[in-house]
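Asks: Below you'll find the structure I mean.
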Amino acid sequence: MTRRPLFLSIVIIQLPLLCVSTLARAQSDGSHLEGMWSDPPRTLADSQCYVYCTDAGLSRLEELLDDPANDDRPLNELTRAAGGYQREQYFRPRFTAAALENYPRDPADDPGFLYCEPWGFAKQIFSPHQLEIRHFDDRIEMRYGEWEARRTVYLDGRAAPDDYAPSLLGWSVGHYEGDTLVIETSSVRGNLTFMGIEHSDQLTAVERYTRPDDGQRLLLSATLDDPWGLKQPVVMKKVWSWAPEQEISPYEDCKPPTEFSRREDRP
Amino acid sequence: MKPRQTLLLGLLTLISAEGVYSHHARSPVYDASRSVTVEGLVTEFNFYNPHAMISLDVTDDTGKLVKWSIELPGRLNLTVGGWTDDSVTVGERVAITGNPTYTGSSGMWLERLIRADGSELLLPGTERSNALEDERRRRIEERDQQN
């Protein structure tokens with residue numbers, strides 16, 4: 001067989017498959033994301049995204065791990081250093097002066113700690129442990145293990161009612177771009193973020209969920225913007241692993257602390 | 001520091017990252033820079049969310065009975081590591097190491113639990129920590145072989 005017939009045979013075989021594949025991607029029904037997800041695979045990179053990660057932080061960790069001078073340093077030192085780099089080189093330059101006024105917040109001021117107040121959107125979407133996704137014709141239901149929070153993402157493009165007041169988890173609409181679930185969220189009540197700053201009710205977010213070909217991981221890339229707190233949008237990522245055996249258990253025993261100290265009062 | 005302690009510390013820093021994601025920040029209550037160990041009888045194990053709790057009867061050096069409250073990750077986290085509500089049983093004798101409260105009250109955040117037979121009831125992140133250390137060792141070996 002000459003090279004041209006081989007090339008042609010490949011094209012003839014591959015073209016219909018490509019068309020079918022493209023059609024299938026365009027008509028994704030979301031079933032590939034459905035089910036139970038939980039903590040990420042036990043790899044260095046994925047574990048950095050246990051709660052959230054950034055490309056800057058991941059790259060920095062790679063550099064540190066690749067440097068023989070660090071071979072004898074404990075792993076936690078390197079992950080902490082990568083986290084510090086992420087904080088100072090990626091996040092902090094993007095914070096506005098208003099956001100930096102109360103940065104970093106004392107954990108003792110967190111309403112989740114003080115009053116058992118559930119997390120808002122900007123923390124909930126990165127919460128560790130279980131995430132269950134259920135797909136319906138007109139919506140997606142997302143249920144999180146942390147706080148046993150529930151979210152509805154409308155797929156029919158409906159706008160928030162005129163009288164919709166900013167809420168804990170906001171108003172979310174979604175659509176598919178191929179196999180990628182894209183969710184746009186707004187009308188989120190001002191609250192805390194994992195970046196150490198607060199956000200305003202002007203926060204908007206675009207989440208993109210994908211399931212790579214091995215099927216074992218769910219990836220989130222979320223772009224957050226907030227004219228009050230951010231000079232430019234930030235991109236935060238997260239990884240879950242497929243966990244059909246897991247269940248979401250009741251979240252019913254949160255008690256406010258009976259004793260605690262503020263940061264300035266600790267040794 | 002012993003390798004095992006280093007592993008655990010690495011795990012705790014990487015996975016628990018207090019103040020980063022814990023729904024209930026630990027740093028305002030527990031001093032992560034210190035560890036204490038107590039031994040006693042389990043009187044209660046509450047396998048709840050957001051945090052589980054072990055109650056322990058401990059006899060101190062003066063012979064006085066002290067009731068300790070040991071806080072640990074919640075059910076949503078522990079089940080990832082295979083824990084059930086039978087993982088700790090009332091009446092069993094355990095040695096528990098953890099971070100004490102700043103106030104000196106008889107409470108701590110659990111770091112390690114050793115049963116009477118010497119076996120350790122591992123927290124969910126320990127296997128992850130071991131896997132990460134293995135991956136790191138492999139990376140170093142592969143790099144050394146290439147050079």
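Chain labels follow the order of the structure tokens: the first chain is A, the next B, and so on; residue numbering restarts at 1 in every chain, and ligands are counted from 1 in their shown order.
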Distance table requested - chain A against chain B, cut-off 8 Å, only C-alpha atoms: one row per qualifying residue with the closest atom pair and its distance in Å to one decimal, ordered by chain and rising residue number, as a Markdown table.

Replies:
| residue | atom | partner | partner_atom | distance |
| --- | --- | --- | --- | --- |
| A:Asp39 | CA | B:Val80 | CA | 7.8 |
| A:Arg42 | CA | B:Arg128 | CA | 5.3 |
| A:Thr43 | CA | B:Leu132 | CA | 5.8 |
| A:Leu44 | CA | B:Leu132 | CA | 5.6 |
| A:Ser47 | CA | B:Ile15 | CA | 7.7 |
| A:Gln48 | CA | B:Leu14 | CA | 7.5 |
| A:Tyr50 | CA | B:Ile15 | CA | 7.3 |
| A:Val51 | CA | B:Tyr21 | CA | 7.0 |
| A:Leu65 | CA | B:Arg136 | CA | 7.7 |
| A:Asp66 | CA | B:Ile140 | CA | 7.8 |
| A:Pro68 | CA | B:Ile140 | CA | 7.9 |
| A:Asp71 | CA | B:Ile140 | CA | 7.5 |
| A:Pro74 | CA | B:Thr6 | CA | 6.9 |
| A:Leu75 | CA | B:Gly10 | CA | 5.9 |
| A:Asn76 | CA | B:Gly10 | CA | 4.2 |
| A:Glu77 | CA | B:Gly10 | CA | 7.7 |
| A:Thr79 | CA | B:Leu14 | CA | 6.7 |
| A:Arg80 | CA | B:Thr13 | CA | 7.6 |
| A:Pro107 | CA | B:Gly19 | CA | 5.8 |
| A:Ala108 | CA | B:Pro28 | CA | 5.7 |
| A:Asp110 | CA | B:Ala25 | CA | 8.0 |
| A:Gly112 | CA | B:His23 | CA | 6.1 |
| A:Phe113 | CA | B:His24 | CA | 4.6 |
| A:Cys116 | CA | B:His24 | CA | 8.0 |
| A:Trp119 | CA | B:His23 | CA | 7.9 |
| A:Ser127 | CA | B:Tyr21 | CA | 7.1 |
| A:Pro128 | CA | B:Tyr21 | CA | 7.7 |
| A:His129 | CA | B:Asn77 | CA | 6.4 |
| A:Gln130 | CA | B:Leu76 | CA | 7.4 |
| A:Gly145 | CA | B:Leu76 | CA | 6.2 |
| A:Glu146 | CA | B:Leu76 | CA | 7.3 |
| A:Trp147 | CA | B:Pro50 | CA | 7.6 |
| A:Phe194 | CA | B:Val20 | CA | 6.4 |
| A:Gln246 | CA | B:Val80 | CA | 7.4 |
| A:Ile248 | CA | B:Leu76 | CA | 6.8 |
| A:Ser249 | CA | B:Leu76 | CA | 6.4 |
| A:Pro250 | CA | B:Asn49 | CA | 6.8 |
| A:Tyr251 | CA | B:Asn49 | CA | 4.9 |
| A:Glu252 | CA | B:Asn49 | CA | 6.4 |
| A:Asp253 | CA | B:Asn49 | CA | 5.8 |
| A:Cys254 | CA | B:Pro50 | CA | 5.9 |
| A:Glu259 | CA | B:Val29 | CA | 6.5 |
| A:Phe260 | CA | B:Val29 | CA | 4.5 |
| A:Ser261 | CA | B:Pro28 | CA | 4.9 |
| A:Arg262 | CA | B:Pro28 | CA | 6.0 |
| A:Arg263 | CA | B:Pro28 | CA | 7.0 |
| A:Arg266 | CA | B:Tyr102 | CA | 7.7 |

Asks: Any idea what's packed within 10 Å of Glu111 in chain B, counting only C-alpha atoms, ignoring anything in its chain fewer than 4 positions away? Could you give it as an NGL selection string?

Replies: :B and (8-9 or 12 or 32 or 35-37 or 70-72 or 96-99 or 122-123)

Asks: Would you kindly return, as a list in words, each protein, DNA or RNA residue with an atom no farther than 10 Å from any atom of Arg211 in chain A, considering only C-alpha atoms and excluding same-chain residues fewer than 4 positions away?

Replies: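 Contacts, with the query itself left out: His32, Leu33, Asp179, Thr180, Leu181, Gly215, Gln216, Arg217, Leu218, Leu219, Leu220, Val239, Trp240, Ser241 and Trp242 of chain A.
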
Asks: What is the distance, in Å and to one decimal place, between CA of Glu245 in chain A and CA of Ser38 in chain A?

Replies: 9.9 Å

Asks: Of the residues B:Ala95, B:Leu41, B:Val90, B:Ala116, which is the one nearest to Val66 in chain B, using only C-alpha atoms?

Replies: B:Leu41

Asks: May I ask which of the residues B:Thr62, B:Thr84, B:Thr126, B:Thr89 is the closest one to Thr43 in chain B, counting only C-alpha atoms?

Replies: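 Answer, going by the shortest atom-to-atom distance: B:Thr89.
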
Asks: Give the alpha helix (DSSP H) residues of chain B, as DSSP finds them on the backbone, and put them as a ChimeraX atom specification.

Replies: /B:3-11,75-78,125-146

Asks: Between CA of Ala82 in chain A and CA of Ile125 in chain A, what distance in Å does the model show, to one decimal?

Replies: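 Interatomic distance, CA of Ala82 in chain A to CA of Ile125 in chain A: 22.2 Å.
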
Asks: I need the residue nearest Arg93 in chain B from this list: B:Lys67, B:Asp60, B:Glu141, B:Asp117. Use only C-alpha atoms for the distance.

Replies: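 Nearest to Arg93 in chain B: B:Asp117.
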
Asks: Any idea what the distance is between CA of Tyr144 in chain A and CA of Gln124 in chain A?

Replies: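 Interatomic distance, CA of Tyr144 in chain A to CA of Gln124 in chain A: 7.9 Å.
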
Asks: I want to know what sits within 9 Å of Ile133 in chain A, based on only C-alpha atoms, with residues of the same chain fewer than 2 positions away left out; could you give that as an NGL selection string?

Replies: :A and (33-37 or 131 or 135 or 140-144)

Asks: Per DSSP on the backbone, what are the strand (DSSP E) residues of range 12-94 of chain B, as a ChimeraX atom specification?

Replies: /B:36-46,51-59,65-73,93-94

Asks: For the residues in that selection, give me C-alpha atoms as a CSV table (one decimal), in the first residue's frame.

Replies:
chain,number,residue,atom,x,y,z
B,36,VAL,CA,-0.1,16.7,74.0
B,37,THR,CA,-0.9,13.0,74.6
B,38,VAL,CA,-3.5,11.5,76.9
B,39,GLU,CA,-4.6,8.0,77.5
B,40,GLY,CA,-8.0,6.9,78.7
B,41,LEU,CA,-11.3,5.1,78.1
B,42,VAL,CA,-13.7,6.2,75.4
B,43,THR,CA,-17.1,7.2,76.8
B,44,GLU,CA,-18.6,8.6,73.6
B,45,PHE,CA,-18.0,8.8,69.9
B,46,ASN,CA,-20.2,11.2,67.9
B,51,HIS,CA,-16.8,17.6,63.2
B,52,ALA,CA,-16.8,14.3,65.0
B,53,MET,CA,-16.1,14.2,68.7
B,54,ILE,CA,-14.6,11.6,71.1
B,55,SER,CA,-15.2,11.9,74.8
B,56,LEU,CA,-12.4,10.3,76.9
B,57,ASP,CA,-12.1,9.6,80.6
B,58,VAL,CA,-8.5,10.2,81.6
B,59,THR,CA,-7.0,9.6,85.0
B,65,LEU,CA,-10.6,11.7,86.6
B,66,VAL,CA,-10.6,14.3,83.9
B,67,LYS,CA,-13.1,14.2,81.0
B,68,TRP,CA,-11.4,15.2,77.7
B,69,SER,CA,-13.2,16.3,74.5
B,70,ILE,CA,-11.3,15.3,71.4
B,71,GLU,CA,-12.4,17.0,68.2
B,72,LEU,CA,-11.7,15.6,64.8
B,73,PRO,CA,-12.7,15.9,61.1
B,93,ARG,CA,-8.7,2.3,75.7
B,94,VAL,CA,-6.9,4.6,73.4
